[in-house]
file work15.txt (compact mmCIF, C-alpha atoms and all ligand atoms)
# COMPACT_ATOMS: atom_id res chain seq x y z
CA MET A 1 6.86 -29.09 -9.63
CA VAL A 2 4.49 -27.73 -7.08
CA THR A 3 3.40 -29.22 -3.85
CA ASN A 4 2.01 -27.33 -0.92
CA THR A 5 3.01 -27.04 2.65
CA LEU A 6 0.17 -25.42 4.49
CA ILE A 7 0.38 -24.32 8.06
CA GLY A 8 -2.91 -24.95 9.75
CA GLY A 9 -4.57 -26.51 6.73
CA PRO A 10 -4.40 -29.45 4.39
CA GLN A 11 -1.22 -30.23 2.49
CA CYS A 12 -2.57 -29.06 -0.81
CA ALA A 13 -5.81 -28.08 -2.43
CA CYS A 14 -6.52 -31.73 -3.11
CA GLY A 15 -5.23 -32.89 0.25
CA LYS A 16 -2.18 -34.66 -1.20
CA LEU A 17 1.13 -34.74 0.59
CA PRO A 18 4.19 -33.05 -0.87
CA SER A 19 6.39 -35.47 -2.72
CA LEU A 20 9.63 -33.69 -1.87
CA THR A 21 10.82 -31.33 0.81
CA TYR A 22 14.39 -30.14 0.77
CA GLY A 23 16.88 -27.46 1.68
CA GLY A 24 14.82 -26.22 4.60
CA TYR A 25 12.28 -24.76 2.22
CA SER A 26 9.41 -26.82 0.93
CA ARG A 27 8.93 -27.01 -2.82
CA GLY A 28 5.87 -25.32 -4.15
CA SER A 29 3.68 -22.65 -2.81
CA VAL A 30 4.04 -22.09 0.89
CA ALA A 31 0.73 -20.79 2.09
CA LEU A 32 1.22 -19.13 5.44
CA PHE A 33 -2.48 -18.90 5.88
CA TRP A 34 -5.01 -21.49 4.92
CA THR A 35 -8.13 -19.86 3.53
CA PRO A 36 -11.08 -22.17 4.07
CA ASN A 37 -14.18 -21.58 1.99
CA ASN A 38 -16.05 -19.76 4.72
CA LEU A 39 -13.44 -16.99 5.02
CA ASP A 40 -13.15 -14.04 2.68
CA ARG A 41 -10.39 -15.03 0.28
CA ARG A 42 -9.56 -11.41 -0.52
CA THR A 43 -8.63 -10.43 3.00
CA LEU A 44 -6.27 -13.24 3.98
CA PRO A 45 -2.82 -13.01 2.47
CA VAL A 46 -1.58 -16.18 0.81
CA LYS A 47 2.19 -16.15 0.62
CA MET A 48 3.46 -17.45 -2.70
CA SER A 49 6.79 -18.88 -3.70
CA VAL A 50 8.84 -18.10 -6.77
CA GLU A 51 10.58 -20.79 -8.77
CA VAL A 52 13.86 -19.66 -10.32
CA GLU A 53 15.10 -22.21 -12.82
CA ARG A 54 17.38 -22.94 -15.69
CA LYS A 55 16.81 -25.72 -18.19
CA PHE A 56 19.65 -27.84 -19.59
CA LEU A 57 20.21 -30.82 -21.86
CA CYS A 58 21.63 -33.71 -19.87
CA SER A 59 24.43 -35.51 -21.72
CA ASP A 60 25.94 -38.77 -20.44
CA GLY A 61 28.84 -36.73 -19.07
CA THR A 62 26.53 -34.36 -17.18
CA LEU A 63 24.59 -37.31 -15.74
CA LYS A 64 27.82 -38.89 -14.53
CA ILE A 65 28.85 -35.68 -12.72
CA LEU A 66 25.34 -35.25 -11.31
CA GLU A 67 25.33 -38.75 -9.87
CA GLU A 68 28.71 -38.08 -8.28
CA ILE A 69 28.03 -34.68 -6.71
CA ALA A 70 24.28 -34.70 -5.95
CA VAL A 71 21.97 -36.85 -3.88
CA CYS A 72 19.18 -38.63 -5.72
CA MET A 73 15.87 -38.01 -3.96
CA GLY A 74 13.87 -40.47 -6.03
CA GLN A 75 11.68 -40.73 -9.07
CA GLN A 76 8.08 -39.83 -9.67
CA GLN A 77 5.64 -39.78 -12.55
CA PHE A 78 2.95 -37.18 -13.11
CA HIS A 79 0.35 -36.30 -15.70
CA ASP A 80 0.02 -32.59 -16.50
CA GLN A 81 -3.03 -31.01 -18.12
CA TYR A 82 -2.74 -27.37 -19.16
CA PHE A 83 -5.79 -25.13 -19.61
CA ASP A 84 -6.53 -21.92 -21.48
CA THR A 85 -9.34 -20.30 -23.43
CA PRO A 86 -9.59 -21.04 -27.17
CA GLU A 87 -8.17 -17.51 -27.70
CA PHE A 88 -5.13 -18.32 -25.49
CA GLU A 89 -5.92 -15.46 -23.12
CA LEU A 90 -3.86 -16.89 -20.24
CA THR A 91 -0.78 -18.16 -22.03
CA LEU A 92 -0.51 -14.97 -24.11
CA ARG A 93 -0.04 -13.30 -20.71
CA ASP A 94 2.55 -15.95 -19.82
CA MET A 95 0.14 -17.49 -17.30
CA TRP A 96 0.17 -21.30 -17.13
CA LEU A 97 -2.77 -23.04 -15.49
CA ARG A 98 -2.33 -26.73 -14.95
CA LYS A 99 -3.63 -29.72 -13.08
CA ARG A 100 -0.98 -32.08 -11.75
CA LYS A 101 -1.69 -35.04 -9.49
CA GLY A 102 -5.19 -33.72 -8.95
CA CYS A 103 -3.95 -30.31 -7.72
CA TRP A 104 -4.39 -26.97 -9.50
CA GLU A 105 -1.35 -24.78 -10.07
CA LEU A 106 -0.91 -21.41 -11.73
CA LYS A 107 2.49 -20.17 -12.81
CA CYS A 108 2.68 -16.51 -13.66
CA PRO A 109 5.35 -13.88 -14.20
CA THR A 110 6.81 -12.07 -11.26
CA ALA A 111 8.24 -8.57 -11.32
CA THR A 112 12.03 -8.38 -11.26
CA VAL A 113 13.01 -6.74 -8.01
CA ASN A 114 16.76 -7.07 -8.27
CA GLY A 115 18.83 -4.50 -10.16
CA THR A 116 21.36 -5.65 -12.73
CA GLU A 117 23.87 -2.78 -12.39
CA ASP A 118 26.37 -4.58 -10.16
CA ARG A 119 26.57 -7.74 -12.20
CA SER A 120 29.52 -9.06 -14.16
CA ALA A 121 29.00 -10.06 -17.80
CA GLU A 122 29.05 -13.74 -16.73
CA GLN A 123 26.43 -13.14 -14.06
CA SER A 124 24.17 -11.32 -16.52
CA LEU A 125 24.58 -14.09 -19.07
CA ALA A 126 23.75 -16.75 -16.49
CA ALA A 127 20.74 -14.76 -15.27
CA ALA A 128 19.44 -14.51 -18.85
CA LEU A 129 19.29 -18.31 -19.00
CA CYS A 130 17.05 -18.44 -15.93
CA THR A 131 13.31 -17.96 -15.71
CA HIS A 132 11.39 -17.03 -12.59
CA TYR A 133 7.70 -17.62 -12.08
CA LYS A 134 5.36 -17.20 -9.17
CA GLU A 135 3.60 -20.44 -8.27
CA ILE A 136 0.09 -20.30 -6.90
CA THR A 137 -1.52 -23.48 -5.60
CA ASN A 138 -4.43 -22.11 -3.58
CA LEU A 139 -7.49 -22.79 -5.75
CA PRO A 140 -9.57 -19.72 -4.75
CA GLU A 141 -6.50 -17.55 -5.37
CA ILE A 142 -6.01 -19.19 -8.78
CA GLN A 143 -9.64 -18.60 -9.71
CA GLN A 144 -9.41 -14.99 -8.60
CA ARG A 145 -6.29 -14.39 -10.71
CA VAL A 146 -7.91 -15.98 -13.74
CA GLU A 147 -11.09 -13.96 -13.24
CA GLU A 148 -9.02 -10.79 -13.03
CA VAL A 149 -7.55 -11.61 -16.42
CA PHE A 150 -10.97 -12.06 -17.94
CA LYS A 151 -12.24 -8.96 -16.13
CA LYS A 152 -15.31 -10.86 -15.07
CA THR A 153 -17.76 -8.86 -12.97
CA CYS A 154 -18.42 -10.81 -9.84
CA GLU A 155 -20.97 -8.70 -7.97
CA ASP A 156 -22.25 -11.72 -6.14
CA ARG A 157 -18.79 -12.75 -4.97
CA GLU A 158 -19.70 -12.08 -1.32
CA SER A 159 -22.51 -14.60 -1.32
CA GLU A 160 -20.82 -16.98 -3.71
CA THR A 161 -19.73 -20.25 -2.18
CA ALA A 162 -16.30 -21.34 -3.34
CA PRO A 163 -16.62 -24.51 -5.40
CA SER A 164 -15.81 -27.80 -3.74
CA LEU A 165 -12.53 -29.32 -4.81
CA GLY A 166 -14.10 -31.84 -7.14
CA ASP A 167 -16.36 -29.23 -8.78
CA GLU A 168 -14.77 -28.15 -12.03
CA SER A 169 -17.69 -26.11 -13.37
CA TRP A 170 -15.47 -23.02 -13.01
CA LEU A 171 -13.48 -24.25 -16.03
CA CYS A 172 -16.63 -24.17 -18.14
CA ARG A 173 -17.72 -20.83 -16.67
CA MET A 174 -14.39 -19.29 -17.63
CA ASN A 175 -14.29 -21.06 -21.01
CA LEU A 176 -11.13 -22.95 -20.12
CA VAL A 177 -10.23 -26.04 -22.11
CA CYS A 178 -7.29 -28.42 -21.99
CA PHE A 179 -4.77 -27.53 -24.71
CA ALA A 180 -1.86 -29.78 -23.73
CA GLU A 181 -1.32 -32.89 -21.70
CA TYR A 182 1.60 -35.18 -21.16
CA VAL A 183 3.14 -37.55 -18.67
CA THR A 184 6.57 -36.87 -17.21
CA VAL A 185 8.92 -39.24 -15.43
CA ARG A 186 11.12 -37.14 -13.17
CA ARG A 187 14.28 -38.03 -11.27
CA SER A 188 15.13 -35.46 -8.61
CA PHE A 189 18.47 -34.65 -7.01
CA THR A 190 19.58 -32.16 -4.38
CA LEU A 191 22.89 -30.42 -4.60
CA GLY A 192 24.53 -29.13 -1.42
CA ASP A 193 22.52 -27.55 1.34
CA GLU A 194 21.44 -24.34 -0.37
CA GLY A 195 18.10 -25.58 -1.68
CA VAL A 196 19.30 -26.33 -5.21
CA GLN A 197 17.20 -29.05 -6.81
CA ILE A 198 18.00 -30.70 -10.10
CA ASP A 199 15.27 -32.53 -11.98
CA LEU A 200 15.75 -34.79 -14.97
CA ASP A 201 12.48 -35.02 -16.91
CA GLN A 202 11.45 -37.49 -19.61
CA ALA A 203 8.20 -36.48 -21.26
CA ASP A 204 6.08 -39.16 -22.94
CA PHE A 205 6.34 -37.38 -26.30
CA GLY A 206 10.05 -38.13 -26.41
CA TYR A 207 11.67 -34.99 -25.03
CA HIS A 208 14.26 -35.11 -22.24
CA VAL A 209 15.25 -31.99 -20.33
CA GLY A 210 16.96 -31.10 -17.07
CA GLU A 211 16.15 -28.21 -14.73
CA ILE A 212 18.21 -26.60 -12.01
CA GLU A 213 15.78 -24.94 -9.60
CA VAL A 214 15.85 -22.80 -6.51
CA LEU A 215 12.67 -21.89 -4.72
CA ILE A 216 12.45 -18.57 -2.91
CA PRO A 217 9.63 -16.77 -1.10
CA GLU A 218 7.82 -14.08 -3.08
CA GLY A 219 9.89 -10.89 -2.88
CA GLY A 220 12.98 -12.99 -2.08
CA ASP A 221 16.42 -12.61 -3.57
CA VAL A 222 16.19 -13.69 -7.23
CA GLN A 223 19.77 -12.68 -7.90
CA SER A 224 21.11 -14.92 -5.16
CA ALA A 225 19.00 -17.81 -6.50
CA GLN A 226 20.44 -17.18 -9.98
CA GLU A 227 23.94 -17.27 -8.50
CA LYS A 228 23.23 -20.64 -6.89
CA ILE A 229 21.97 -21.91 -10.24
CA ARG A 230 25.05 -20.53 -12.01
CA ASN A 231 27.34 -22.31 -9.53
CA ALA A 232 25.42 -25.56 -9.93
CA ALA A 233 25.57 -25.25 -13.75
CA HIS A 234 29.32 -24.64 -13.51
CA LYS A 235 29.77 -27.77 -11.36
CA LEU A 236 27.82 -29.78 -13.94
CA GLY A 237 30.06 -28.43 -16.70
CA LEU A 238 27.17 -26.81 -18.58
CA SER A 239 27.76 -24.27 -21.32
CA GLU A 240 27.32 -20.62 -20.33
CA HIS A 241 25.45 -19.95 -23.56
CA GLU A 242 23.07 -22.85 -23.97
CA ARG A 243 19.44 -21.75 -24.05
CA VAL A 244 17.26 -24.85 -23.77
CA GLU A 245 13.56 -25.30 -24.54
CA GLY A 246 11.14 -26.52 -21.90
CA LYS A 247 8.71 -29.40 -22.39
CA MET A 248 5.79 -27.11 -23.18
CA ASN A 249 7.76 -25.25 -25.80
CA VAL A 250 8.56 -28.48 -27.64
CA TYR A 251 5.04 -29.88 -27.16
CA LEU A 252 3.36 -26.80 -28.64
CA LYS A 253 5.78 -26.57 -31.53
CA ARG A 254 5.03 -30.20 -32.44
CA TYR A 255 1.33 -30.56 -31.67
CA GLN A 256 -0.16 -27.04 -31.48
CA PRO A 257 1.78 -25.00 -34.06
CA GLU A 258 -0.84 -22.24 -34.28
CA HIS A 259 -0.78 -21.68 -30.52
CA TYR A 260 3.03 -21.87 -30.57
CA ALA A 261 3.26 -19.26 -33.34
CA LYS A 262 1.02 -16.86 -31.40
CA LEU A 263 3.17 -17.23 -28.27
CA LEU A 264 6.31 -16.65 -30.32
CA SER A 265 4.90 -13.49 -31.90
CA ALA A 266 3.87 -12.25 -28.46
CA HIS A 267 7.41 -13.00 -27.21
CA VAL A 268 6.07 -15.29 -24.50
CA LEU A 269 8.22 -18.20 -25.72
C1 LIG B 1 6.00 -22.88 -20.75
C2 LIG B 1 6.05 -22.30 -19.38
C3 LIG B 1 5.43 -22.87 -18.29
C4 LIG B 1 4.66 -24.09 -18.21
C5 LIG B 1 5.57 -25.24 -17.98
O1 LIG B 1 6.64 -24.93 -17.15
P1 LIG B 1 7.93 -25.82 -17.09
O2 LIG B 1 8.85 -25.29 -16.06
O3 LIG B 1 8.53 -25.98 -18.43
O4 LIG B 1 7.30 -27.21 -16.67
P2 LIG B 1 7.71 -28.23 -15.57
O5 LIG B 1 6.94 -29.46 -15.81
O6 LIG B 1 9.19 -28.40 -15.52
O7 LIG B 1 7.22 -27.50 -14.27
P3 LIG B 1 7.79 -27.59 -12.78
O8 LIG B 1 7.61 -29.01 -12.32
O9 LIG B 1 9.24 -27.19 -12.82
O10 LIG B 1 6.93 -26.63 -12.02
S1 LIG B 1 5.68 -21.90 -16.94
C6 LIG B 1 6.56 -20.81 -17.84
N1 LIG B 1 6.69 -21.15 -19.11
C7 LIG B 1 7.44 -20.32 -20.02
C8 LIG B 1 8.88 -20.75 -20.13
C9 LIG B 1 9.76 -19.98 -20.89
N2 LIG B 1 9.37 -18.85 -21.48
N3 LIG B 1 11.05 -20.37 -21.04
C10 LIG B 1 11.49 -21.50 -20.48
C11 LIG B 1 12.93 -21.93 -20.65
N4 LIG B 1 10.69 -22.26 -19.72
C12 LIG B 1 9.40 -21.89 -19.55

call {"tool": "encode", "arguments": {"input": "work15.txt", "output": "structure tokens", "more": "lines below"}}
Ligand code: V4E
result
Amino acid sequence: MVTNTLIGGPQCACGKLPSLTYGGYSRGSVALFWTPNNLDRRTLPVKMSVEVERKFLCSDGTLKILEEIAVCMGQQQFHDQYFDTPEFELTLRDMWLRKRKGCWELKCPTATVNGTEDRSAEQSLAAALCTHYKEITNLPEIQQRVEEVFKKTCEDRESETAPSLGDESWLCRMNLVCFAEYVTVRRSFTLGDEGVQIDLDQADFGYHVGEIEVLIPEGGDVQSAQEKIRNAAHKLGLSEHERVEGKMNVYLKRYQPEHYAKLLSAHVL
């Protein structure tokens, strides 16, 4: 889930408030600088956050433990629409562009900065069950990243006015179409005071999945986040070996098998 906390600017690209803030670190992209349309978006740094997470299947037993040891933060429902070109140019690069609650979000891979030499076998195993993705919620930044992928020449960028928030002509210009959409009902919990969030998701196509998540600033300590996730998984009694599919994985396998097969062959999923 991505919501923005912007210092000196609106709460998110669409002006919506964050639905959850916890652990002293707000969920979603934390933009240290707001880049209004009249400023050069290439010269102001926008600080991103990285979501480290592990998926799990929530049995009745796990739910019972969760309700005992974590604090329920509430329930929300959201409709996700994911976009890519007909040739899957973004997702084949493991880049996931979506619109959620009227806000644009781009999840993309982040380089691993932590070494693995000092890890025990258990730590390495637990780390292998985690994913980590950079989350970008600043629309001009998203458009720039997508343009970079398509290697579009933008000579007139200087004079170009950034599109208004309701203007979605950029999707057409970049040949982006919606390839997946679903509604999720999410119950969120916090565990302890280390910024561990646990979400229980029910997608409208009949798939239920849990996520243990820790949000860190870009360049932050992924290994420490993985350790927090490992501890949380241990408390929930989860198996050390269980690799669990995300909602998108299951959705594509069921409804977009050709797209799914391409992502499998490219080792994205
Ligand atoms: C498929 C995918 C991405 C798009 C969806 O991300 P996901 O975390 O499954 O969605 P959701 O709704 O839980 O997002 P949140 O609210 O937590 O931001 S982003 C990265 N992937 C690839 C991927 C993968 N290769 N393996 C696993 C286990 N998950 C995702």

call {"tool": "residues_near_ligand", "arguments": {"input": "work15.txt", "ligand": "ligand LIG 1 (chain B)", "cutoff": "6 Å", "atoms": "only C-alpha atoms and all ligand atoms", "output": "JSON, numbers by chain"}}
result
{"A": [1, 2, 55, 96, 107, 245, 246, 247, 248, 249, 268, 269]}

call {"tool": "closest_residue", "arguments": {"input": "work15.txt", "among": "A:Leu57, A:Leu264, A:Val71, A:Leu171", "to": "Asp84 in chain A", "atoms": "all atoms listed in the file"}}
result
A:Leu171

call {"tool": "closest_residue", "arguments": {"input": "work15.txt", "among": "A:Glu141, A:Glu242, A:Asp60, A:Glu147", "to": "Leu90 in chain A", "atoms": "all atoms listed in the file"}}
result
A:Glu147

call {"tool": "residues_around", "arguments": {"input": "work15.txt", "residues": "Glu218 in chain A", "least_positions_apart": "2", "cutoff": "8 Å", "atoms": "all atoms listed in the file", "output": "list in words"}}
result
Lys47, Met48, Ser49, Val50, Lys134, Ile216 and Gly220 of chain A

call {"tool": "closest_residue", "arguments": {"input": "work15.txt", "among": "A:His241, A:Gln75, A:Leu263, A:Ile69", "to": "Asp201 in chain A", "atoms": "only C-alpha atoms"}}
result
A:Gln75
